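Coordinates as given in final-v5.cif (mmCIF, C-alpha atoms):
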data_final
loop_
_atom_site.label_atom_id
_atom_site.label_comp_id
_atom_site.auth_asym_id
_atom_site.auth_seq_id
_atom_site.Cartn_x
_atom_site.Cartn_y
_atom_site.Cartn_z
CA MET A 87 -25.44 19.48 58.78
CA LYS A 88 -25.99 18.09 55.27
CA ASN A 89 -29.44 19.73 55.10
CA ASP A 90 -27.98 23.04 56.34
CA LYS A 91 -25.42 22.94 53.51
CA LYS A 92 -28.16 22.24 50.98
CA HIS A 93 -30.20 25.22 52.17
CA LEU A 94 -27.13 27.45 52.28
CA THR A 95 -26.08 26.45 48.76
CA ALA A 96 -29.59 27.12 47.48
CA ALA A 97 -29.67 30.63 48.94
CA LEU A 98 -26.17 31.35 47.61
CA SER A 99 -27.10 30.21 44.10
CA ALA A 100 -30.12 32.52 44.14
CA ILE A 101 -27.98 35.49 45.15
CA ILE A 102 -25.50 34.82 42.31
CA PHE A 103 -28.38 34.89 39.81
CA TRP A 104 -29.68 38.12 41.34
CA SER A 105 -26.23 39.70 41.16
CA ILE A 106 -26.31 39.20 37.38
CA SER A 107 -29.88 40.46 37.10
CA PHE A 108 -28.81 44.12 37.21
CA VAL A 109 -26.86 43.64 33.98
CA GLY A 110 -29.71 41.70 32.36
CA THR A 111 -32.21 44.41 33.27
CA LYS A 112 -29.99 47.14 31.83
CA LEU A 113 -29.69 45.21 28.55
CA ALA A 114 -33.49 44.80 28.35
CA TYR A 115 -33.88 48.59 28.46
CA ALA A 116 -32.71 48.67 24.83
CA SER A 117 -36.31 47.81 23.86
CA PHE A 118 -38.54 48.01 26.94
CA GLY A 119 -39.28 50.50 29.71
CA PRO A 120 -38.41 49.65 33.35
CA LEU A 121 -41.96 48.75 34.40
CA THR A 122 -42.62 46.77 31.21
CA VAL A 123 -39.46 44.75 31.85
CA CYS A 124 -40.76 44.02 35.34
CA PHE A 125 -44.15 42.81 34.08
CA LEU A 126 -42.75 40.68 31.22
CA ARG A 127 -40.21 39.10 33.54
CA PHE A 128 -42.82 37.88 36.01
CA ALA A 129 -45.53 37.10 33.45
CA ILE A 130 -43.17 34.67 31.70
CA ALA A 131 -42.01 33.37 35.08
CA GLY A 132 -45.62 32.75 36.13
CA ALA A 133 -46.29 30.74 32.94
CA ILE A 134 -43.15 28.66 33.52
CA LEU A 135 -44.08 28.00 37.13
CA PHE A 136 -47.58 26.92 36.07
CA PHE A 137 -46.17 24.17 33.82
CA VAL A 138 -43.49 23.20 36.34
CA ARG A 139 -46.21 22.60 38.93
CA ILE A 140 -48.06 20.35 36.48
CA ILE A 141 -44.89 18.37 35.74
CA MET A 142 -44.09 18.08 39.46
CA HIS A 143 -47.72 17.12 40.27
CA ASP A 144 -47.84 20.03 42.72
CA THR A 145 -51.59 20.62 42.99
CA LYS A 146 -51.76 22.16 46.46
CA ARG A 147 -54.04 25.18 46.61
CA LEU A 148 -53.88 28.16 48.91
CA ALA A 149 -55.99 28.01 52.04
CA LYS A 150 -58.03 31.17 52.66
CA LYS A 151 -56.12 31.84 55.86
CA ASP A 152 -52.83 31.99 53.95
CA ILE A 153 -53.90 34.31 51.12
CA GLY A 154 -53.24 37.44 53.18
CA ILE A 155 -49.61 36.69 54.05
CA LEU A 156 -48.85 35.47 50.48
CA LEU A 157 -50.39 38.65 49.08
CA VAL A 158 -48.31 40.86 51.37
CA SER A 159 -45.13 38.94 50.51
CA ALA A 160 -45.94 39.23 46.78
CA LEU A 161 -46.47 42.98 47.05
CA ILE A 162 -43.34 43.57 49.12
CA GLY A 163 -41.02 41.06 47.46
CA ILE A 164 -42.13 41.35 43.84
CA SER A 165 -44.57 44.10 42.79
CA VAL A 166 -43.20 47.07 44.73
CA TYR A 167 -39.63 45.85 45.15
CA TYR A 168 -38.92 45.12 41.49
CA SER A 169 -40.85 48.09 40.16
CA LEU A 170 -38.69 50.37 42.31
CA GLU A 171 -35.53 48.43 41.44
CA ASN A 172 -36.14 48.75 37.71
CA ILE A 173 -36.88 52.46 37.98
CA ALA A 174 -33.73 52.94 40.05
CA LEU A 175 -31.66 51.00 37.49
CA SER A 176 -32.78 53.42 34.79
CA LEU A 177 -31.27 56.24 36.88
CA THR A 178 -28.04 54.77 38.22
CA SER A 179 -25.42 52.22 37.15
CA ALA A 180 -25.55 48.45 37.59
CA ALA A 181 -22.31 48.76 39.59
CA ASN A 182 -23.89 51.19 42.08
CA ALA A 183 -26.95 48.96 42.30
CA SER A 184 -24.79 45.95 43.16
CA LEU A 185 -22.82 47.83 45.81
CA ILE A 186 -25.88 49.26 47.54
CA SER A 187 -27.61 45.88 47.49
CA GLY A 188 -24.61 44.60 49.41
CA SER A 189 -25.78 46.69 52.36
CA TYR A 190 -29.14 44.89 52.56
CA PRO A 191 -27.96 42.43 55.24
CA VAL A 192 -27.23 45.40 57.50
CA ILE A 193 -30.69 46.84 56.84
CA THR A 194 -32.18 43.41 57.59
CA ALA A 195 -30.31 43.32 60.90
CA CYS A 196 -31.60 46.78 61.80
CA ILE A 197 -35.16 45.69 61.07
CA GLY A 198 -34.59 42.63 63.25
CA VAL A 199 -33.48 44.84 66.14
CA MET A 200 -36.34 47.32 65.75
CA PHE A 201 -39.23 44.93 65.13
CA TYR A 202 -38.18 41.34 65.94
CA HIS A 203 -36.24 41.71 69.22
CA MET A 204 -32.90 40.65 67.75
CA LYS A 205 -29.82 41.33 69.87
CA LEU A 206 -26.54 42.54 68.36
CA ASP A 207 -23.11 42.71 69.96
CA ARG A 208 -20.62 45.59 69.74
CA LYS A 209 -18.83 44.15 66.70
CA GLN A 210 -22.09 43.85 64.79
CA TRP A 211 -23.04 47.46 65.60
CA ILE A 212 -19.63 48.64 64.36
CA GLY A 213 -20.20 46.68 61.16
CA ILE A 214 -23.61 48.29 60.70
CA PHE A 215 -22.21 51.80 61.07
CA MET A 216 -19.37 50.94 58.67
CA ALA A 217 -21.84 49.70 56.05
CA MET A 218 -23.93 52.85 56.50
CA ALA A 219 -20.80 54.96 56.04
CA GLY A 220 -19.97 53.03 52.86
CA VAL A 221 -23.43 53.72 51.47
CA ALA A 222 -23.01 57.40 52.35
CA VAL A 223 -19.72 57.50 50.41
CA LEU A 224 -21.30 55.72 47.45
CA THR A 225 -24.35 57.99 47.32
CA GLY A 226 -22.30 61.17 47.39
CA GLY A 227 -23.94 62.45 44.22
CA GLY A 228 -22.73 62.95 40.67
CA SER A 229 -24.35 62.33 37.33
CA MET A 230 -24.33 59.62 34.68
CA GLU A 231 -25.38 60.67 31.20
CA GLY A 232 -27.47 63.49 32.68
CA LYS A 233 -29.58 61.17 34.84
CA HIS A 234 -30.24 61.53 38.55
CA VAL A 235 -27.85 58.99 40.01
CA MET A 236 -28.50 60.17 43.56
CA LEU A 237 -32.24 59.46 43.25
CA GLY A 238 -31.57 56.00 41.83
CA ASN A 239 -29.18 55.21 44.69
CA LEU A 240 -31.69 56.39 47.30
CA ILE A 241 -34.43 54.22 45.78
CA PHE A 242 -32.12 51.22 46.07
CA ILE A 243 -31.53 52.02 49.74
CA ALA A 244 -35.29 52.24 50.35
CA ASN A 245 -35.70 48.88 48.63
CA GLY A 246 -33.36 47.37 51.20
CA PHE A 247 -36.04 47.86 53.85
CA LEU A 248 -38.60 46.03 51.71
CA TRP A 249 -36.17 43.16 51.24
CA GLY A 250 -35.46 43.05 54.98
CA PHE A 251 -39.14 42.72 55.84
CA TYR A 252 -39.53 40.06 53.13
CA ASN A 253 -36.78 37.97 54.77
CA PHE A 254 -38.64 37.97 58.08
CA LEU A 255 -42.03 37.38 56.46
CA ILE A 256 -41.30 34.20 54.49
CA PRO A 257 -40.59 31.89 57.48
CA HIS A 258 -44.10 32.66 58.81
CA ILE A 259 -45.75 31.11 55.74
CA ASP A 260 -47.22 27.68 56.44
CA HIS A 261 -44.44 25.11 55.96
CA SER A 262 -46.84 22.67 54.34
CA TYR A 263 -46.40 24.65 51.10
CA SER A 264 -43.45 23.78 48.90
CA ALA A 265 -41.04 26.46 47.71
CA LEU A 266 -42.54 25.94 44.23
CA THR A 267 -46.08 26.59 45.46
CA ILE A 268 -45.05 29.72 47.38
CA THR A 269 -43.14 31.14 44.42
CA TYR A 270 -45.98 30.40 41.99
CA TYR A 271 -48.68 32.05 44.09
CA GLN A 272 -46.47 35.02 44.92
CA THR A 273 -45.90 35.61 41.20
CA LEU A 274 -49.59 35.15 40.40
CA LEU A 275 -50.67 37.60 43.12
CA ALA A 276 -48.04 40.17 42.12
CA LEU A 277 -48.88 40.34 38.39
CA PRO A 278 -52.10 42.43 38.53
CA PHE A 279 -50.24 45.19 40.35
CA LEU A 280 -47.62 45.33 37.57
CA VAL A 281 -50.12 45.86 34.72
CA PRO A 282 -50.57 49.65 35.21
CA GLY A 283 -46.85 50.15 34.60
CA VAL A 284 -47.07 48.46 31.20
CA VAL A 285 -50.07 50.60 30.20
CA TYR A 286 -48.18 53.73 31.26
CA GLU A 287 -45.11 52.86 29.17
CA MET A 288 -46.90 51.70 25.98
CA PRO A 289 -46.28 51.45 23.07
CA VAL A 290 -43.10 49.37 22.65
CA HIS A 291 -40.84 49.96 19.63
CA ASP A 292 -37.74 48.38 18.07
CA VAL A 293 -37.67 45.07 19.95
CA THR A 294 -34.19 43.52 19.67
CA ALA A 295 -33.09 39.90 20.06
CA GLY A 296 -30.73 40.91 22.87
CA ALA A 297 -33.52 42.55 24.86
CA VAL A 298 -35.76 39.50 24.43
CA PHE A 299 -32.95 37.18 25.56
CA SER A 300 -32.40 39.40 28.62
CA ILE A 301 -36.10 39.20 29.52
CA LEU A 302 -35.99 35.39 29.23
CA PHE A 303 -32.87 35.23 31.40
CA LEU A 304 -34.52 37.43 34.04
CA ALA A 305 -37.67 35.29 33.97
CA VAL A 306 -36.11 31.81 33.94
CA CYS A 307 -32.98 32.29 36.05
CA CYS A 308 -33.72 35.30 38.25
CA SER A 309 -37.47 34.99 38.85
CA VAL A 310 -38.09 31.24 38.72
CA ALA A 311 -34.85 29.49 39.66
CA ALA A 312 -33.60 32.15 42.09
CA TYR A 313 -36.89 32.51 43.99
CA LEU A 314 -37.32 28.74 44.26
CA LEU A 315 -33.78 28.42 45.55
CA TYR A 316 -34.04 31.35 47.96
CA ASN A 317 -37.43 30.35 49.41
CA TYR A 318 -36.07 26.82 49.84
CA GLY A 319 -32.94 28.18 51.51
CA LEU A 320 -34.98 30.24 53.99
CA ARG A 321 -36.60 27.03 55.21
CA GLY A 322 -33.30 25.80 56.65
CA ILE A 323 -31.25 28.87 57.57
CA SER A 324 -32.07 32.05 59.47
CA PRO A 325 -33.18 35.24 57.64
CA ALA A 326 -30.05 37.03 58.85
CA ALA A 327 -27.78 34.22 57.59
CA ALA A 328 -29.50 34.19 54.18
CA ALA A 329 -29.30 37.95 53.91
CA SER A 330 -25.62 38.00 54.92
CA LEU A 331 -24.78 36.02 51.78
CA MET A 332 -25.76 39.09 49.79
CA ASN A 333 -22.33 40.58 50.49
CA LEU A 334 -21.27 38.59 47.42
CA MET A 335 -23.60 40.61 45.18
CA PRO A 336 -21.28 43.64 44.94
CA VAL A 337 -18.40 41.43 43.86
CA PHE A 338 -20.30 39.70 41.06
CA GLY A 339 -22.24 42.84 40.20
CA LEU A 340 -19.11 44.93 39.70
CA LEU A 341 -17.47 42.18 37.66
CA PHE A 342 -20.36 41.71 35.22
CA SER A 343 -21.18 45.42 34.92
CA ALA A 344 -17.57 46.09 33.92
CA LEU A 345 -17.21 43.09 31.57
CA ILE A 346 -20.59 43.21 29.85
CA LEU A 347 -21.84 46.79 30.15
CA LYS A 348 -18.35 48.34 30.08
CA GLU A 349 -19.30 50.59 32.98
CA GLN A 350 -16.60 52.76 34.47
CA ILE A 351 -15.92 51.81 38.09
CA THR A 352 -15.09 55.06 39.90
CA LEU A 353 -12.75 55.40 42.88
CA GLN A 354 -15.72 56.62 44.92
CA ALA A 355 -17.60 53.42 44.11
CA VAL A 356 -14.61 51.24 44.99
CA ILE A 357 -14.04 52.97 48.35
CA GLY A 358 -17.74 52.92 49.23
CA GLY A 359 -18.05 49.30 48.15
CA ILE A 360 -15.07 48.15 50.21
CA ILE A 361 -16.42 49.88 53.32
CA ILE A 362 -19.88 48.30 52.75
CA ILE A 363 -18.46 44.79 52.30
CA LEU A 364 -16.19 45.08 55.36
CA GLY A 365 -19.10 46.38 57.41
CA VAL A 366 -21.38 43.55 56.28
CA LEU A 367 -18.73 40.91 56.99
CA LEU A 368 -18.20 42.35 60.47
CA SER A 369 -21.91 42.58 61.27
CA ALA A 370 -22.61 39.08 59.93
#
Mind converting the file's structure to structure tokens?
Amino acid sequence: MKNDKKHLTAALSAIIFWSISFVGTKLAYASFGPLTVCFLRFAIAGAILFFVRIIMHDTKRLAKKDIGILLVSALIGISVYYSLENIALSLTSAANASLISGSYPVITACIGVMFYHMKLDRKQWIGIFMAMAGVAVLTGGGSMEGKHVMLGNLIFIANGFLWGFYNFLIPHIDHSYSALTITYYQTLLALPFLVPGVVYEMPVHDVTAGAVFSILFLAVCCSVAAYLLYNYGLRGISPAAAASLMNLMPVFGLLFSALILKEQITLQAVIGGIIIILGVLLSA
């Protein structure tokens, strides 16, 4: 029971960091493009993880048989996922991003049913349909400063499927690797696929202290600490249980987007968000 609580607390802490990451990413856009933010975040994170491994005397290397699954998890959980997330965040609000991310547990459950032979009861199916209805309300269209909010929302929904597959993939990685080792090699394998985005968005102008601080926060707290905590959490709790904790992301996301970014929280967002959270709670 004590170990279960430790794993649960670790996963919860990671999700709190990730709920703040939407605000941090938005602030970084003052100086950097979405794909450049993604690369800088994980390049700095990779350097930090390298030195942490030295300090922790973690010298374990990847076996050839494990490179494939680590590469797939890096592509799904870092390269593609965060590239799409950052692009989506440039199109929609941090509040919308938080609310839609709250539906990811439902998407994870659907993936479990379709591909991993999970069984759901009637209550869980009702919760899934409620969460889907909430997302439909939230993605009802509109515009924000002339940008395509609908497209950004749809990209976030698509990202939910990547995150769902990631949740089921991690437990299949050899348990002889520590969470630190897994996170380090995932970051290392993901970086080359993020370089083209930086080249596309060059050059960078008018770098501000606030944008640099945001990048550091994303790297240290959201990419290093959060991934270590989440990968550790997945070792002791089920993928569905870990994903269900993400229903807290809309709450924290809305709070910080309103307090820090001064984003307007629309009635449509509130209604859609409430339906999503109720649906997730019911399906969990």
For this session: Could you state which residues are captured by the PyMOL selection byres ((chain A and resi 129-133) around 12) in this file, as a PyMOL selection string?
Result: chain A and resi 122-128+134-140+164-165+266-281+284+298+301-314
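Nearest to Phe103 (chain A) of all the residues A:Gly339, A:Gly296, A:Gly358, A:Gly119 is A:Gly339, counting all atoms listed in the file.
With distances restricted to only C-alpha atoms, A:Tyr115 is the closest residue to Thr294 (chain A) from A:Tyr115, A:Tyr263, A:Trp211, A:Phe251.
Distances to Pro257 (chain A) were evaluated for A:Met236, A:Ile197, A:Val356, A:Leu320 using all atoms listed in the file, and the minimum falls at A:Leu320.
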Seminar exercise, completed: Of A:Arg321, A:His234, A:Lys209, A:Lys112, the one nearest to Leu177 (chain A) when counting all atoms listed in the file is A:His234
For this session: Write out as a PyMOL selection string which residues come within 10 Å of Phe342 (chain A) when counting only C-alpha atoms, dropping same-chain ones fewer than 3 positions away.
Result: chain A and resi 105-110+180-181+336-339+345-349
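Nearest to Leu368 (chain A) of all the residues A:Gly213, A:Gly198, A:Gly220, A:Gly188 is A:Gly213, based on all atoms listed in the file.
Counting all atoms listed in the file and comparing A:Leu364, A:Leu185, A:Leu331, A:Ile357, the residue that lies closest to Ala100 (chain A) is A:Leu331.
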Exercise. At a cut-off of 12 Å from (-22.9, 55.7, 50.7) in the coordinates of the file, what residues are picked up using all atoms listed in the file, written as JSON, numbers by chain?
Worked result: {"A": [182, 183, 185, 186, 187, 188, 189, 215, 216, 217, 218, 219, 220, 221, 222, 223, 224, 225, 226, 227, 236, 239, 240, 242, 243, 354, 355, 356, 357, 358, 359, 360, 361, 362, 363]}
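CA of Ser169 (chain A) sits 18.2 Å away from CA of Asn253 (chain A).
The gap separating CA of Ser159 (chain A) from CA of Leu334 (chain A) is 24.1 Å, in Å to one decimal.
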Generate the missing atoms of region 342-367 of chain A up to N, CA, C and O atoms and report them as a CSV table (one decimal), keeping the file's coordinate frame.
chain,number,residue,atom,x,y,z
A,342,PHE,N,-19.6,41.8,36.4
A,342,PHE,CA,-20.4,41.7,35.2
A,342,PHE,C,-20.7,43.1,34.6
A,342,PHE,O,-20.8,43.2,33.4
A,343,SER,N,-20.9,44.1,35.5
A,343,SER,CA,-21.2,45.4,34.9
A,343,SER,C,-20.0,46.0,34.1
A,343,SER,O,-20.1,46.7,33.1
A,344,ALA,N,-18.8,45.6,34.6
A,344,ALA,CA,-17.6,46.1,33.9
A,344,ALA,C,-17.3,45.3,32.6
A,344,ALA,O,-17.0,45.8,31.6
A,345,LEU,N,-17.5,44.0,32.7
A,345,LEU,CA,-17.2,43.1,31.6
A,345,LEU,C,-18.2,43.2,30.5
A,345,LEU,O,-17.9,43.2,29.3
A,346,ILE,N,-19.5,43.2,30.8
A,346,ILE,CA,-20.6,43.2,29.8
A,346,ILE,C,-21.1,44.6,29.5
A,346,ILE,O,-21.2,44.9,28.3
A,347,LEU,N,-21.3,45.5,30.4
A,347,LEU,CA,-21.8,46.8,30.2
A,347,LEU,C,-20.7,47.8,29.9
A,347,LEU,O,-21.0,49.0,29.5
A,348,LYS,N,-19.5,47.4,30.2
A,348,LYS,CA,-18.4,48.3,30.1
A,348,LYS,C,-18.5,49.6,30.9
A,348,LYS,O,-18.1,50.7,30.5
A,349,GLU,N,-19.1,49.4,32.1
A,349,GLU,CA,-19.3,50.6,33.0
A,349,GLU,C,-18.0,51.0,33.6
A,349,GLU,O,-17.2,50.1,34.0
A,350,GLN,N,-17.8,52.3,33.8
A,350,GLN,CA,-16.6,52.8,34.5
A,350,GLN,C,-16.8,52.6,36.0
A,350,GLN,O,-17.8,53.1,36.5
A,351,ILE,N,-15.9,52.0,36.6
A,351,ILE,CA,-15.9,51.8,38.1
A,351,ILE,C,-15.1,52.9,38.7
A,351,ILE,O,-13.9,53.0,38.6
A,352,THR,N,-15.8,53.9,39.4
A,352,THR,CA,-15.1,55.1,39.9
A,352,THR,C,-14.4,54.7,41.2
A,352,THR,O,-14.7,53.8,41.9
A,353,LEU,N,-13.4,55.6,41.6
A,353,LEU,CA,-12.8,55.4,42.9
A,353,LEU,C,-13.7,55.5,44.0
A,353,LEU,O,-13.6,54.8,45.0
A,354,GLN,N,-14.7,56.4,43.9
A,354,GLN,CA,-15.7,56.6,44.9
A,354,GLN,C,-16.5,55.3,45.1
A,354,GLN,O,-16.8,54.9,46.3
A,355,ALA,N,-16.8,54.7,44.0
A,355,ALA,CA,-17.6,53.4,44.1
A,355,ALA,C,-16.8,52.3,44.8
A,355,ALA,O,-17.3,51.5,45.6
A,356,VAL,N,-15.5,52.3,44.4
A,356,VAL,CA,-14.6,51.2,45.0
A,356,VAL,C,-14.5,51.4,46.5
A,356,VAL,O,-14.6,50.5,47.3
A,357,ILE,N,-14.2,52.7,46.9
A,357,ILE,CA,-14.0,53.0,48.4
A,357,ILE,C,-15.3,52.7,49.1
A,357,ILE,O,-15.3,52.0,50.1
A,358,GLY,N,-16.5,53.2,48.6
A,358,GLY,CA,-17.7,52.9,49.2
A,358,GLY,C,-18.1,51.4,49.3
A,358,GLY,O,-18.5,50.9,50.3
A,359,GLY,N,-17.8,50.7,48.2
A,359,GLY,CA,-18.0,49.3,48.2
A,359,GLY,C,-17.2,48.5,49.1
A,359,GLY,O,-17.7,47.6,49.8
A,360,ILE,N,-15.9,48.8,49.3
A,360,ILE,CA,-15.1,48.2,50.2
A,360,ILE,C,-15.6,48.4,51.6
A,360,ILE,O,-15.6,47.4,52.4
A,361,ILE,N,-15.9,49.6,52.0
A,361,ILE,CA,-16.4,49.9,53.3
A,361,ILE,C,-17.7,49.1,53.6
A,361,ILE,O,-17.9,48.5,54.7
A,362,ILE,N,-18.6,49.0,52.6
A,362,ILE,CA,-19.9,48.3,52.8
A,362,ILE,C,-19.6,46.8,53.0
A,362,ILE,O,-20.1,46.2,53.9
A,363,ILE,N,-18.7,46.2,52.2
A,363,ILE,CA,-18.5,44.8,52.3
A,363,ILE,C,-17.8,44.5,53.6
A,363,ILE,O,-18.2,43.5,54.3
A,364,LEU,N,-16.8,45.3,54.1
A,364,LEU,CA,-16.2,45.1,55.4
A,364,LEU,C,-17.2,45.2,56.5
A,364,LEU,O,-17.2,44.4,57.5
A,365,GLY,N,-18.1,46.2,56.4
A,365,GLY,CA,-19.1,46.4,57.4
A,365,GLY,C,-20.1,45.2,57.5
A,365,GLY,O,-20.4,44.7,58.6
A,366,VAL,N,-20.5,44.7,56.3
A,366,VAL,CA,-21.4,43.6,56.3
A,366,VAL,C,-20.7,42.3,56.8
A,366,VAL,O,-21.3,41.6,57.6
A,367,LEU,N,-19.5,42.1,56.5
A,367,LEU,CA,-18.7,40.9,57.0
A,367,LEU,C,-18.6,41.0,58.5
A,367,LEU,O,-18.7,40.0,59.2
